[in-house]
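Below is one structure, written out as structure tokens; the observations come after it.
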2 protein chains.
Amino acid sequence: MRKEYLLTPGPTPLPPEVQAALARPIIHHRTPAYRALFEEVLAGIQYVLQTKATTMMFTSSGTGAMEAAVVNLLSPGDRALVISGGKFGERWTELCEAYGVEPLIVEVPYGQALDVDHLRRRMKKDIKLKRKGGFKAVFATLSETSTGVVHDIQALGALIKDLPAVLVVDAISGLGADELKPDQWGVDVVIAGSQKGLMIPPGLAFASVSPKAWALVERAALPRYYFDFRRYRKALEDQDTPFTPAVSLVVALDEALQLLRKEGLDKVLSRHRMLAMATRTAIKGLGLELFAHRPSNALTAVKVPLGVDGKRLVGYLRDQLGVTIAGGQGEMAGKVFRIAHLGYMAQFDIIIAIAAIEMGLLELKYKVKLGNGVRVAEEILARLPA
Amino acid sequence: MRKEYLLTPGPTPLPPEVQAALARPIIHHRTPAYRALFEEVLAGIQYVLQTKATTMMFTSSGTGAMEAAVVNLLSPGDRALVISGGKFGERWTELCEAYGVEPLIVEVPYGQALDVDHLRRRMKKDIKLKRKGGFKAVFATLSETSTGVVHDIQALGALIKDLPAVLVVDAISGLGADELKPDQWGVDVVIAGSQKGLMIPPGLAFASVSPKAWALVERAALPRYYFDFRRYRKALEDQDTPFTPAVSLVVALDEALQLLRKEGLDKVLSRHRMLAMATRTAIKGLGLELFAHRPSNALTAVKVPLGVDGKRLVGYLRDQLGVTIAGGQGEMAGKVFRIAHLGYMAQFDIIIAIAAIEMGLLELKYKVKLGNGVRVAEEILARLPA
């Protein structure tokens, strides 16, 4: 007998309603029943995204929708400002380079958040940022999953709002966990993925596109077909997608969105806030250090303490205790571990995570007082609004 | 009480083993358990594709993998021969045009199959086909889902084999129903999708790439990122994909591939052959005409008889009888209806389809003798090997 616990920042655990929906007989996507369902799902996504902008669905991972933003907004030789402070910020740079767009990279050290005041000053002085034509788009990340940082998109939006450039935000892991108000904050394009706060398996991605961004879409000259926004907008007229969608995931998403609506987005966000706070406090209670200076409510990145083999710790939790948390990605491998509190997660998931880390650290001969972190977590979670 | 029957060429019905697998708790994709599963799945896909070529998996619909073939093999300004005789052949042309590749279109009239002898003669004479540089790729379709035609890929392969060009075949709806032997026939790239003969929901696509095609991949200059073959080949070294895969579909696919292996590919193909034969014979027994001159074993396209409103017929079957078949797509709307016998399908699915069509034709006042088609189908199906 082995019970498995998934505490990773995507895929996230599935609610039983979603599991049951996935097991239903499949339906055809070009039927009145599917069209009605799809319309409801897109309205639900707009609710979670807190936007009135046209919202499209792609059958792909989140990266597919990030690529869609690049190829639909820009032309070869265009410049784009990229806020880069981790693996997913760097993905924007890679995408720009793959498509012949020049990235003007704002390097944020790993673990730190974008300093918007510093960027404002730099934009005033830096010749490169001021030169003719400027930059057409700004690519940023809400929750940088590799470092556990949440960037201040509201402040970035205020800085960009009056420029001709559009602001594109990868909200893949942040959505539903960290506050985001695209229409109020001046975010033109929001990218989302299905396997995070939306609580269904990976395979669907989303993009909302503001009127300001649509003007760029019409002029963009980069080649595109599968991710061509114009095809998706046209298909929306018939509550359709241009290509066969991942039907079973759409059916499951409808269930997940009903759960989110029933709880209410405010409560969803405050639940994540409380779970994150409990996790962070427990981690500090264990004498460990947070990696993120401005931590996301989607996940908590923790510095692997001196003398501990980070990969062994994550492996022990997974293989011996059945608790899957995430290690570090890329440059961060072995240096951090990451506990997600994202999606279908409640108070006892945090207790499991902290207890497992305590037991794992003990196994790895790190000096830890068993139960100390859990006690601190309980103190916060006991105050969690019902 | 309403029982639903899905007889469309994708999505196709799900085996109960697949439904149950979809309902399982989700697992993380960067774990030893997933890597082992993914390796098994790719080996299973190679078994069904009958190829030893490197096979990659994408989280997308089939069109995504078609786009992948174009952007990974070609450079701007390249020429490609496109075999076009329906909506999916035309998709190759659209993809080429979207990416600045010049399509040399071999127009095959709707309902007809490629005449390879005619193409051979044309290639000898036609200046355009012979001019400097020639064409780098040939894009073709195994089963053209919009017309129900299966093209003679073996003959096309024999024609292309000694040219520098690579042969790319969209086998999305044909796979598992129509014979395809890429390695023997000289097919360099095979494209497949999950929601057809592979018997799982839509959301995964596949491409196998021969050594001859890999040489083009290295030189191709079209921009790409999400569908970059090189990233997928690199990730394969760790039984991984570069971007989060549609995990639940991969788990389901493992079940479906086990079913296909247990039945054995030869029997899978002969089952489809028999179901197709029964359907065609029954349709003729009803006095109706097949649309495809060279019909695929994946689906049977039928000409809507004079005096019958094709859209009403399909709507009546779906809304009143719970039997979903496909109407005509694009130009073919209202002119044909299409009965799929693809994937998780057995003899009584054909009986249901034919009985429903008989009842629908009666409802639409078409002169039909109830039971005549079903009787003919039974005569064939009674001989179906157990």
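Chains: A, B, ... in order of the structure tokens. Residues: from 1 per chain. Ligands: from 1, in order shown.
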**OP:** Within 8 Å of Lys136 (chain B), counting only C-alpha atoms, which residues show up once you throw out same-chain ones fewer than 6 positions away? Write them as a VMD selection string, please.
**Re:** chain B and resid 74 78 to 80 164 to 166
Per residue of chain A within 7 Å of chain B, which atom pair is closest and at what distance in Å (one decimal), using only C-alpha atoms, listed by chain and increasing number, as a tab-separated table?
residue	atom	partner	partner_atom	distance
A:Pro11	CA	B:His28	CA	6.1
A:Pro13	CA	B:Ile26	CA	6.4
A:Leu14	CA	B:Pro25	CA	6.5
A:Gln19	CA	B:Ala23	CA	4.5
A:Ala20	CA	B:Ala23	CA	5.9
A:Leu22	CA	B:Ala23	CA	5.6
A:Ala23	CA	B:Gln19	CA	4.5
A:Arg24	CA	B:Gln19	CA	6.7
A:Pro25	CA	B:Leu14	CA	6.5
A:Ile26	CA	B:Pro13	CA	6.4
A:His28	CA	B:Pro11	CA	6.1
A:Thr59	CA	B:Ser60	CA	5.0
A:Ser60	CA	B:Ser60	CA	4.8
A:Ser61	CA	B:Thr244	CA	6.0
A:Thr63	CA	B:Tyr226	CA	6.7
A:Gly64	CA	B:Tyr226	CA	5.8
A:Glu67	CA	B:Tyr226	CA	6.9
A:Leu95	CA	B:Tyr225	CA	6.5
A:Ala98	CA	B:Pro223	CA	5.8
A:Tyr99	CA	B:Pro223	CA	5.4
A:Pro201	CA	B:Ser248	CA	6.2
A:Pro202	CA	B:Ala246	CA	4.7
A:Gly203	CA	B:Ala246	CA	4.6
A:Pro223	CA	B:Tyr99	CA	5.4
A:Arg224	CA	B:Ala98	CA	6.2
A:Tyr225	CA	B:Ala98	CA	6.3
A:Tyr226	CA	B:Gly64	CA	5.8
A:Phe243	CA	B:Ser61	CA	6.7
A:Thr244	CA	B:Ser61	CA	6.0
A:Pro245	CA	B:Pro202	CA	6.5
A:Ala246	CA	B:Gly203	CA	4.6
A:Val247	CA	B:Pro202	CA	6.4
A:Ser248	CA	B:Pro201	CA	6.2
**OP:** Write down as number ranges by chain the residues belonging to region 227-257 of chain A that are assigned helix (DSSP H, G or I) by DSSP computed on the backbone.
**Re:** A: 229-236, 247-257
Could you please take those selected residues and save C-alpha atoms as a CSV table (one decimal), in the first residue's frame?
chain,number,residue,atom,x,y,z
A,229,PHE,CA,-4.9,34.3,-33.1
A,230,ARG,CA,-6.9,35.4,-36.2
A,231,ARG,CA,-8.0,31.8,-36.9
A,232,TYR,CA,-9.1,31.4,-33.3
A,233,ARG,CA,-11.0,34.6,-33.1
A,234,LYS,CA,-12.8,33.7,-36.3
A,235,ALA,CA,-13.7,30.3,-35.0
A,236,LEU,CA,-15.0,31.9,-31.8
A,247,VAL,CA,-12.2,17.7,-25.7
A,248,SER,CA,-11.9,15.6,-22.6
A,249,LEU,CA,-9.9,18.4,-20.9
A,250,VAL,CA,-12.5,21.0,-21.9
A,251,VAL,CA,-15.2,18.9,-20.3
A,252,ALA,CA,-13.0,18.5,-17.1
A,253,LEU,CA,-12.3,22.3,-17.2
A,254,ASP,CA,-16.0,23.0,-17.1
A,255,GLU,CA,-16.2,21.1,-13.8
A,256,ALA,CA,-13.1,22.8,-12.4
A,257,LEU,CA,-14.4,26.3,-13.3
Original post:
Restricting the calculation to only C-alpha atoms, which member of B:Leu159, B:Ala43, B:Met199, B:Ala137 is positioned closest to Leu259 (chain B)?
Top reply: B:Met199
Subject >> Which of region 75-152 of chain A fall in strand (DSSP E), as JSON, numbers by chain >> reply: {"A": [79, 80, 81, 82, 83, 84, 102, 103, 104, 105, 106, 107, 137, 138, 139, 140, 141, 143, 144, 149, 150]}
Selected residues, N, CA and C atoms, written as a PDB file, in the first residue's frame, please.
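File produced: again.pdb:
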ATOM      1  N   ARG A  79      11.813  44.838 -31.638  1.00  0.00           N
ATOM      2  CA  ARG A  79      12.444  44.702 -30.323  1.00  0.00           C
ATOM      3  C   ARG A  79      11.377  44.492 -29.264  1.00  0.00           C
ATOM      4  N   ALA A  80      11.745  43.721 -28.252  1.00  0.00           N
ATOM      5  CA  ALA A  80      10.812  43.482 -27.145  1.00  0.00           C
ATOM      6  C   ALA A  80      11.590  43.499 -25.838  1.00  0.00           C
ATOM      7  N   LEU A  81      10.985  44.097 -24.834  1.00  0.00           N
ATOM      8  CA  LEU A  81      11.586  44.116 -23.505  1.00  0.00           C
ATOM      9  C   LEU A  81      11.211  42.817 -22.798  1.00  0.00           C
ATOM     10  N   VAL A  82      12.222  42.137 -22.253  1.00  0.00           N
ATOM     11  CA  VAL A  82      11.942  40.878 -21.568  1.00  0.00           C
ATOM     12  C   VAL A  82      12.374  40.993 -20.106  1.00  0.00           C
ATOM     13  N   ILE A  83      11.437  40.762 -19.191  1.00  0.00           N
ATOM     14  CA  ILE A  83      11.768  40.735 -17.768  1.00  0.00           C
ATOM     15  C   ILE A  83      12.194  39.304 -17.453  1.00  0.00           C
ATOM     16  N   SER A  84      13.464  39.141 -17.105  1.00  0.00           N
ATOM     17  CA  SER A  84      14.017  37.795 -17.024  1.00  0.00           C
ATOM     18  C   SER A  84      14.644  37.558 -15.665  1.00  0.00           C
ATOM     19  N   GLU A 102      14.422  40.994 -31.436  1.00  0.00           N
ATOM     20  CA  GLU A 102      15.550  41.333 -30.568  1.00  0.00           C
ATOM     21  C   GLU A 102      15.076  41.540 -29.135  1.00  0.00           C
ATOM     22  N   PRO A 103      15.535  40.691 -28.201  1.00  0.00           N
ATOM     23  CA  PRO A 103      15.101  40.886 -26.811  1.00  0.00           C
ATOM     24  C   PRO A 103      15.996  41.906 -26.103  1.00  0.00           C
ATOM     25  N   LEU A 104      15.364  42.889 -25.473  1.00  0.00           N
ATOM     26  CA  LEU A 104      16.091  43.815 -24.597  1.00  0.00           C
ATOM     27  C   LEU A 104      15.854  43.276 -23.197  1.00  0.00           C
ATOM     28  N   ILE A 105      16.885  42.636 -22.659  1.00  0.00           N
ATOM     29  CA  ILE A 105      16.681  41.837 -21.449  1.00  0.00           C
ATOM     30  C   ILE A 105      16.876  42.647 -20.180  1.00  0.00           C
ATOM     31  N   VAL A 106      15.880  42.650 -19.329  1.00  0.00           N
ATOM     32  CA  VAL A 106      16.004  43.232 -17.996  1.00  0.00           C
ATOM     33  C   VAL A 106      16.327  42.073 -17.064  1.00  0.00           C
ATOM     34  N   GLU A 107      17.619  41.981 -16.701  1.00  0.00           N
ATOM     35  CA  GLU A 107      18.066  40.850 -15.879  1.00  0.00           C
ATOM     36  C   GLU A 107      17.695  41.083 -14.423  1.00  0.00           C
ATOM     37  N   ALA A 137       6.735  45.255 -27.497  1.00  0.00           N
ATOM     38  CA  ALA A 137       6.059  44.439 -26.487  1.00  0.00           C
ATOM     39  C   ALA A 137       6.959  44.298 -25.271  1.00  0.00           C
ATOM     40  N   VAL A 138       6.332  44.098 -24.133  1.00  0.00           N
ATOM     41  CA  VAL A 138       7.058  43.769 -22.903  1.00  0.00           C
ATOM     42  C   VAL A 138       6.578  42.385 -22.479  1.00  0.00           C
ATOM     43  N   PHE A 139       7.519  41.480 -22.297  1.00  0.00           N
ATOM     44  CA  PHE A 139       7.171  40.122 -21.878  1.00  0.00           C
ATOM     45  C   PHE A 139       7.579  39.931 -20.417  1.00  0.00           C
ATOM     46  N   ALA A 140       6.618  39.563 -19.597  1.00  0.00           N
ATOM     47  CA  ALA A 140       6.884  39.414 -18.171  1.00  0.00           C
ATOM     48  C   ALA A 140       6.223  38.145 -17.645  1.00  0.00           C
ATOM     49  N   THR A 141       6.504  37.867 -16.370  1.00  0.00           N
ATOM     50  CA  THR A 141       6.012  36.657 -15.722  1.00  0.00           C
ATOM     51  C   THR A 141       5.336  37.070 -14.429  1.00  0.00           C
ATOM     52  N   SER A 143       4.063  34.720 -11.772  1.00  0.00           N
ATOM     53  CA  SER A 143       4.751  33.880 -10.806  1.00  0.00           C
ATOM     54  C   SER A 143       5.858  33.127 -11.552  1.00  0.00           C
ATOM     55  N   GLU A 144       7.111  33.401 -11.198  1.00  0.00           N
ATOM     56  CA  GLU A 144       8.252  32.737 -11.853  1.00  0.00           C
ATOM     57  C   GLU A 144       8.449  31.395 -11.128  1.00  0.00           C
ATOM     58  N   VAL A 149       9.210  33.440  -7.180  1.00  0.00           N
ATOM     59  CA  VAL A 149       8.996  34.890  -7.047  1.00  0.00           C
ATOM     60  C   VAL A 149       7.703  35.306  -7.746  1.00  0.00           C
ATOM     61  N   VAL A 150       6.963  36.247  -7.140  1.00  0.00           N
ATOM     62  CA  VAL A 150       5.873  36.894  -7.862  1.00  0.00           C
ATOM     63  C   VAL A 150       6.321  38.326  -8.174  1.00  0.00           C
TER      64      VAL A 150
END
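Shell of Arg219 (chain B) at 10 Å, with only C-alpha atoms counted and residues fewer than 2 places along the chain excluded, is B:Asn72, B:Leu73, B:Leu74, B:Ser75, B:Trp214, B:Ala215, B:Leu216, B:Val217, B:Ala221, B:Leu222.
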